[in-house]
Every structure is written in structure tokens, then in C-alpha cells.
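The data block below is data00.cif; it holds mmCIF, C-alpha atoms.
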data_input
loop_
_atom_site.label_atom_id
_atom_site.label_comp_id
_atom_site.auth_asym_id
_atom_site.auth_seq_id
_atom_site.Cartn_x
_atom_site.Cartn_y
_atom_site.Cartn_z
CA MET B 1 107.19 -42.04 10.31
CA THR B 2 108.63 -41.82 6.81
CA LYS B 3 106.04 -41.18 4.12
CA PRO B 4 105.97 -44.02 1.55
CA SER B 5 107.37 -43.18 -1.86
CA LEU B 6 107.20 -44.41 -5.43
CA THR B 7 109.42 -43.60 -8.38
CA ILE B 8 107.75 -42.13 -11.40
CA GLU B 9 108.80 -45.23 -13.36
CA GLU B 10 106.93 -47.45 -10.87
CA ALA B 11 103.90 -45.17 -11.10
CA VAL B 12 103.92 -45.52 -14.90
CA ASP B 13 103.57 -49.29 -14.52
CA ILE B 14 100.38 -48.67 -12.54
CA PHE B 15 99.17 -46.20 -15.16
CA TYR B 16 99.65 -48.78 -17.90
CA ALA B 17 97.68 -51.37 -15.90
CA ARG B 18 94.88 -48.81 -15.51
CA GLU B 19 95.01 -48.03 -19.23
CA PHE B 20 94.56 -51.72 -20.06
CA ALA B 21 91.55 -52.05 -17.73
CA TYR B 22 89.81 -48.85 -18.83
CA ASP B 23 90.42 -49.62 -22.49
CA ILE B 24 88.51 -52.89 -22.16
CA LEU B 25 85.70 -51.34 -20.15
CA ARG B 26 85.22 -48.29 -22.37
CA ARG B 27 85.17 -50.38 -25.55
CA PHE B 28 82.46 -52.75 -24.31
CA PHE B 29 80.27 -50.03 -22.78
CA ILE B 30 80.53 -47.21 -25.31
CA GLU B 31 78.91 -49.03 -28.27
CA GLU B 32 77.94 -52.43 -29.60
CA PRO B 33 81.20 -54.42 -29.48
CA PRO B 34 82.96 -54.20 -32.87
CA ARG B 35 83.43 -57.56 -34.57
CA GLU B 36 87.21 -57.21 -35.00
CA TYR B 37 87.75 -56.18 -31.39
CA VAL B 38 85.70 -59.14 -30.11
CA LYS B 39 87.88 -61.48 -32.20
CA LEU B 40 91.06 -59.82 -30.90
CA PHE B 41 89.77 -59.94 -27.33
CA ILE B 42 89.23 -63.70 -27.64
CA GLN B 43 92.37 -64.52 -29.61
CA LYS B 44 94.67 -62.58 -27.27
CA ASN B 45 92.90 -64.00 -24.19
CA MET B 46 92.80 -60.44 -22.89
CA ILE B 47 90.43 -61.14 -20.01
CA ASP B 48 93.12 -63.20 -18.24
CA LEU B 49 95.29 -60.07 -18.12
CA PHE B 50 92.69 -57.89 -16.41
CA PRO B 51 94.50 -56.22 -13.47
CA PHE B 52 93.90 -56.44 -9.71
CA GLN B 53 92.29 -59.89 -9.79
CA GLU B 54 94.26 -60.93 -6.70
CA GLU B 55 93.04 -57.90 -4.77
CA SER B 56 89.33 -58.20 -5.56
CA GLU B 57 86.98 -61.15 -5.30
CA GLY B 58 84.45 -59.17 -7.36
CA ILE B 59 86.92 -58.71 -10.21
CA ARG B 60 87.81 -62.39 -10.09
CA ALA B 61 84.12 -63.32 -10.24
CA GLY B 62 83.58 -61.03 -13.25
CA VAL B 63 86.60 -62.48 -15.04
CA LYS B 64 85.35 -66.02 -14.38
CA LYS B 65 81.90 -65.28 -15.81
CA ILE B 66 83.46 -63.90 -18.98
CA LYS B 67 85.98 -66.75 -19.28
CA ASP B 68 83.27 -69.38 -18.78
CA TYR B 69 81.14 -67.72 -21.45
CA LEU B 70 84.03 -67.50 -23.92
CA ALA B 71 85.07 -71.10 -23.19
CA VAL B 72 82.09 -72.39 -25.16
CA PHE B 73 82.95 -70.26 -28.21
CA ASN B 74 83.29 -72.50 -31.23
CA PRO B 75 85.62 -70.91 -33.82
CA GLY B 76 83.24 -72.05 -36.54
CA MET B 77 80.36 -70.20 -34.86
CA ILE B 78 82.14 -66.91 -34.15
CA GLU B 79 79.58 -64.97 -36.19
CA LYS B 80 76.66 -66.29 -34.13
CA HIS B 81 78.45 -65.55 -30.87
CA TYR B 82 79.25 -62.06 -32.10
CA GLU B 83 75.60 -61.46 -33.01
CA ASP B 84 74.53 -62.65 -29.53
CA LEU B 85 76.83 -60.09 -27.87
CA HIS B 86 75.78 -57.38 -30.32
CA TRP B 87 72.09 -57.98 -29.62
CA ASP B 88 72.61 -58.18 -25.85
CA TYR B 89 74.25 -54.74 -25.86
CA THR B 90 71.65 -53.26 -28.19
CA LYS B 91 68.57 -54.36 -26.27
CA MET B 92 70.01 -53.28 -22.92
CA PHE B 93 71.49 -49.90 -23.81
CA ILE B 94 69.86 -48.73 -27.08
CA GLY B 95 66.51 -50.34 -27.86
CA PRO B 96 64.57 -50.76 -30.18
CA PHE B 97 62.06 -51.04 -27.34
CA GLU B 98 62.38 -49.76 -23.79
CA VAL B 99 66.03 -49.34 -22.76
CA GLN B 100 66.59 -51.96 -20.09
CA ALA B 101 69.79 -50.64 -18.52
CA SER B 102 70.07 -46.91 -19.20
CA PRO B 103 73.73 -46.03 -19.79
CA TRP B 104 73.36 -42.35 -18.78
CA GLU B 105 74.24 -41.03 -15.34
CA SER B 106 71.35 -38.54 -15.42
CA VAL B 107 68.76 -41.33 -15.44
CA TYR B 108 70.05 -42.58 -12.07
CA VAL B 109 70.86 -39.34 -10.24
CA ARG B 110 68.07 -37.00 -11.40
CA LYS B 111 64.48 -37.34 -10.25
CA ASP B 112 63.20 -36.28 -13.68
CA LYS B 113 65.68 -38.66 -15.42
CA LEU B 114 66.17 -36.07 -18.19
CA LEU B 115 69.32 -35.91 -20.31
CA PHE B 116 71.21 -32.77 -21.34
CA GLN B 117 70.37 -31.08 -18.05
CA GLN B 118 72.73 -30.04 -15.22
CA THR B 119 74.36 -33.45 -14.76
CA THR B 120 75.19 -33.72 -18.46
CA MET B 121 76.46 -30.13 -18.54
CA ASP B 122 78.68 -30.66 -15.47
CA VAL B 123 80.32 -33.62 -17.20
CA ARG B 124 80.66 -31.70 -20.47
CA LYS B 125 82.38 -28.85 -18.63
CA LEU B 126 85.07 -31.23 -17.40
CA TYR B 127 85.45 -32.76 -20.85
CA ASN B 128 85.94 -29.31 -22.37
CA LYS B 129 88.61 -28.49 -19.79
CA TYR B 130 90.77 -31.26 -21.26
CA GLY B 131 89.74 -30.93 -24.90
CA PHE B 132 87.76 -34.16 -24.69
CA GLN B 133 84.57 -34.18 -26.75
CA ALA B 134 81.89 -36.80 -27.30
CA GLY B 135 81.92 -38.13 -30.86
CA ASP B 136 78.24 -37.28 -31.40
CA TYR B 137 78.21 -33.84 -29.78
CA ASN B 138 74.68 -32.81 -28.70
CA ILE B 139 73.34 -36.15 -29.99
CA GLU B 140 74.82 -38.55 -27.43
CA ALA B 141 74.60 -37.18 -23.88
CA ASP B 142 78.04 -36.62 -22.39
CA ASP B 143 77.22 -38.58 -19.23
CA HIS B 144 76.98 -41.90 -21.08
CA ILE B 145 78.89 -44.58 -19.13
CA GLY B 146 81.13 -45.35 -22.11
CA LEU B 147 82.12 -41.69 -22.51
CA GLU B 148 82.81 -41.27 -18.79
CA LEU B 149 85.06 -44.34 -18.86
CA ASP B 150 86.73 -42.99 -21.99
CA PHE B 151 87.36 -39.70 -20.17
CA ILE B 152 89.17 -41.47 -17.31
CA PHE B 153 91.15 -43.39 -19.94
CA HIS B 154 92.07 -40.03 -21.49
CA LEU B 155 93.22 -38.46 -18.19
CA ASN B 156 95.24 -41.56 -17.35
CA ARG B 157 96.89 -41.33 -20.78
CA LEU B 158 97.83 -37.72 -19.94
CA CYS B 159 99.50 -39.03 -16.76
CA ILE B 160 101.58 -41.44 -18.85
CA GLU B 161 102.55 -38.71 -21.30
CA SER B 162 103.56 -36.35 -18.47
CA ALA B 163 105.62 -39.06 -16.77
CA GLU B 164 107.41 -40.04 -19.95
CA SER B 165 108.09 -36.43 -20.93
CA GLN B 166 110.51 -36.10 -17.98
CA ALA B 167 109.54 -32.43 -17.81
CA ALA B 168 110.29 -30.45 -14.67
CA THR B 169 106.55 -30.01 -14.12
CA ALA B 170 105.69 -33.70 -14.59
CA LEU B 171 105.13 -34.57 -10.92
CA GLN B 172 102.89 -31.55 -10.39
CA GLU B 173 100.88 -32.37 -13.52
CA ILE B 174 100.48 -36.02 -12.56
CA ARG B 175 99.31 -35.22 -9.03
CA TYR B 176 96.74 -32.78 -10.39
CA LEU B 177 95.48 -35.31 -12.96
CA LEU B 178 95.18 -38.02 -10.29
CA LYS B 179 93.09 -35.67 -8.12
CA GLU B 180 90.86 -34.88 -11.09
CA GLN B 181 90.30 -38.57 -11.80
CA LYS B 182 89.52 -39.43 -8.19
CA GLN B 183 87.07 -36.54 -7.96
CA PHE B 184 85.38 -37.52 -11.21
CA ILE B 185 84.96 -41.11 -10.09
CA GLU B 186 83.50 -39.97 -6.75
CA ASP B 187 81.23 -37.28 -8.20
CA HIS B 188 79.99 -39.22 -11.20
CA LEU B 189 80.86 -42.87 -11.84
CA GLU B 190 80.44 -44.11 -8.27
CA LYS B 191 77.08 -42.35 -8.04
CA PHE B 192 75.41 -44.55 -10.65
CA VAL B 193 77.57 -47.51 -11.68
CA PRO B 194 76.32 -49.80 -8.85
CA MET B 195 72.72 -49.24 -10.04
CA LEU B 196 73.71 -49.66 -13.69
CA ALA B 197 75.57 -52.89 -12.89
CA LYS B 198 72.49 -54.21 -11.10
CA MET B 199 70.32 -53.48 -14.14
CA VAL B 200 72.78 -55.25 -16.44
CA GLU B 201 72.85 -58.24 -14.09
CA GLU B 202 69.05 -58.41 -14.25
CA HIS B 203 68.58 -57.90 -17.99
CA ALA B 204 71.66 -59.30 -19.75
CA GLU B 205 71.10 -62.47 -21.74
CA THR B 206 74.81 -63.37 -21.75
CA ASP B 207 77.20 -64.00 -18.88
CA PHE B 208 79.68 -61.97 -20.90
CA PHE B 209 77.89 -58.73 -20.08
CA ARG B 210 77.03 -59.87 -16.55
CA GLY B 211 80.75 -60.38 -16.09
CA MET B 212 81.54 -56.99 -17.63
CA ALA B 213 79.11 -55.31 -15.23
CA ALA B 214 80.85 -56.98 -12.28
CA LEU B 215 84.25 -55.92 -13.61
CA LEU B 216 83.05 -52.34 -14.03
CA GLN B 217 81.65 -52.00 -10.52
CA HIS B 218 84.46 -53.73 -8.65
CA TYR B 219 87.28 -52.26 -10.71
CA LEU B 220 86.07 -48.74 -9.97
CA THR B 221 86.14 -49.57 -6.26
CA ILE B 222 89.73 -50.81 -6.52
CA ASP B 223 90.81 -47.94 -8.76
CA SER B 224 89.48 -45.36 -6.33
CA LYS B 225 91.67 -46.95 -3.62
CA VAL B 226 94.65 -46.98 -5.98
CA LEU B 227 94.20 -43.28 -6.71
CA THR B 228 93.94 -42.52 -2.98
CA GLU B 229 97.18 -44.41 -2.32
CA LEU B 230 98.96 -42.64 -5.17
CA LEU B 231 97.88 -39.27 -3.79
CA ASN B 232 99.10 -40.16 -0.30
CA ILE B 233 102.65 -41.09 -1.27
CA ASP B 234 105.64 -39.15 -2.51
CA LEU B 235 106.28 -39.55 -6.22
CA ILE B 236 109.99 -39.35 -6.92
CA GLN B 237 111.40 -38.17 -10.22
CA LYS B 238 114.91 -39.54 -10.70
#

Translate this file's structure into C-alpha cells.
Amino acid sequence: MTKPSLTIEEAVDIFYAREFAYDILRRFFIEEPPREYVKLFIQKNMIDLFPFQEESEGIRAGVKKIKDYLAVFNPGMIEKHYEDLHWDYTKMFIGPFEVQASPWESVYVRKDKLLFQQTTMDVRKLYNKYGFQAGDYNIEADDHIGLELDFIFHLNRLCIESAESQAATALQEIRYLLKEQKQFIEDHLEKFVPMLAKMVEEHAETDFFRGMAALLQHYLTIDSKVLTELLNIDLIQK
């Protein structure tokens, strides 16, 4: 049986779809959503473009929740809607009281729930390998969900750059980067995202963040399958 193949140009199309998805996810989970990005997100109707909706009922459900929430946005009340999203993120992931949906991997995978221990250091080690550093080094734990999503975004961007460089080593570099991403998702993101998504579903006050939690969980499932398929085919450099 002939092994399936994909040209590097076709693979780049997949990488760009992944970049779009991870860019949305990292932006809404790494910090309180910036006002200008929320406006752009609404104006460009970006949620309709979220990839792999046809392949995943869970992604479709997440998109629908977000679309239904945004459908009631009144342009004259954009500031109030923005403040609602800002507060929803803050109370779930930051405080000022008890954090309702801890955004750190360590809280879910360690019995003591302590940050800056082995789990955080394992993630930091991988970040350092690729010159990726958390903005608030030694202040924000490296295993924050937003940073882990940003890291995958970064590795995927390296795949795009390797592919577009047309270097002789591009295929080898891309395959290695795909393996690294799949391993990181399996070793880290998949270990705690289902629990995090459940906490967001329970504590979010807006369907926007309930939808984002669904997108996060179900997109990671799809993306893991995509990475497996990419690693099991022959990439062809014309």
C-alpha cells in the first residue's frame, strides 16, 4: 500500500489554519481580553472562520455559543459588553477572591497544587529550548494555559517559517517540530484542559467564555489527530 503524501505547500495551508485557531485561543486565555482585539474579533466575524467546524460537533457547539452571545451585542453598548467579558475573565482566572478556574497546569496535575515546582520547570525547560520565555518571568508560572497555547502557536509558526524558507533541511525541521508539538499536547495540555474547561463551564457568567472553553477542549482533540496524520504521511518538497 502506498503511503499517503502531502506537498509542503498543502501542509502550509494546514499550518495557517492552526495558527488562526491558536491565535484566538491564546489571546482569550492568556489575559483579560484587550478592548481593541474584542472589537476586531466582532467586526471581522472571526469566530465564523474557526477551523475544523465540520469535523467536530464540539467545536461547532462552542462556535454557536459564542455567536449567540455576540448576536445580542449592541454597537452602542460595546463598552458594557467589553466590561462583562473583562470581569468574567478576571473573576475566573485572577481574582480578587478565590480563583474559580485555575489557569495553571500544576493545580490540576499535582497533589499539592503548588506552582513553580517540577511541572512548571518541565514546561520552562521546553520553552528555553526554543527561546520562548514568559513575559513575566518568575512572576507568572510558565504552565499557565495561555502561555502553553502561545508556545504551540510559536512552534507552529516555526513550521511555517521552515516550510517557506525552502531550505534543504525544511522537511526534517518540520517533522521534528510536529513531534514536539504532539508530545507537548499529550504531556501537558491534554492532562488538564478537560478539567479546566469543566471549571470554566461551571463558573463563567457569559456564554462567550463557555464557548471558548468548548473550543479549547475540542480543538485540542482535533489538533492532536491532525498532528498524528501529518506525522504518518510523506511530506513532499517540490

task: Would you translate the PyMOL selection byres ((chain B and resi 211-228) around 10) into the concrete set of residues it matches in this file, as a ChimeraX atom specification?
output: /B:14,18,21-22,24-26,28-29,50-53,55-69,149,175,178-179,181-183,185-186,189-190,192-201,204,206-210,229-233

message: Given the point (65.9, -36.9, -16.0) in the file's coordinates, find the residues that have an atom at most 12 Å from it, counting only C-alpha atoms, and give them as a PyMOL selection string.
response: chain B and resi 102+104-120+141+143

Explicit residue set for the PyMOL selection byres ((chain B and resi 33) around 12), as a compact mmCIF listing (two decimals) with C-alpha atoms, in the frame of the given file:
# COMPACT_ATOMS: atom_id res chain seq x y z
CA ILE B 24 88.51 -52.89 -22.16
CA LEU B 25 85.70 -51.34 -20.15
CA ARG B 26 85.22 -48.29 -22.37
CA ARG B 27 85.17 -50.38 -25.55
CA PHE B 28 82.46 -52.75 -24.31
CA PHE B 29 80.27 -50.03 -22.78
CA ILE B 30 80.53 -47.21 -25.31
CA GLU B 31 78.91 -49.03 -28.27
CA GLU B 32 77.94 -52.43 -29.60
CA PRO B 34 82.96 -54.20 -32.87
CA ARG B 35 83.43 -57.56 -34.57
CA GLU B 36 87.21 -57.21 -35.00
CA TYR B 37 87.75 -56.18 -31.39
CA VAL B 38 85.70 -59.14 -30.11
CA LYS B 39 87.88 -61.48 -32.20
CA LEU B 40 91.06 -59.82 -30.90
CA PHE B 41 89.77 -59.94 -27.33
CA HIS B 81 78.45 -65.55 -30.87
CA TYR B 82 79.25 -62.06 -32.10
CA GLU B 83 75.60 -61.46 -33.01
CA ASP B 84 74.53 -62.65 -29.53
CA LEU B 85 76.83 -60.09 -27.87
CA HIS B 86 75.78 -57.38 -30.32
CA TRP B 87 72.09 -57.98 -29.62
CA ASP B 88 72.61 -58.18 -25.85
CA TYR B 89 74.25 -54.74 -25.86
CA THR B 90 71.65 -53.26 -28.19
CA GLY B 146 81.13 -45.35 -22.11
CA PHE B 208 79.68 -61.97 -20.90
CA PHE B 209 77.89 -58.73 -20.08

Gap from CA of Phe132 in chain B to CA of Asp23 in chain B - Å, one decimal: 15.8 Å

task: Report the distance between CA of His203 in chain B and CA of Gln100 in chain B in Å, rounded to one decimal place.
output: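 Answer for the CA of His203 in chain B to CA of Gln100 in chain B separation: 6.6 Å.
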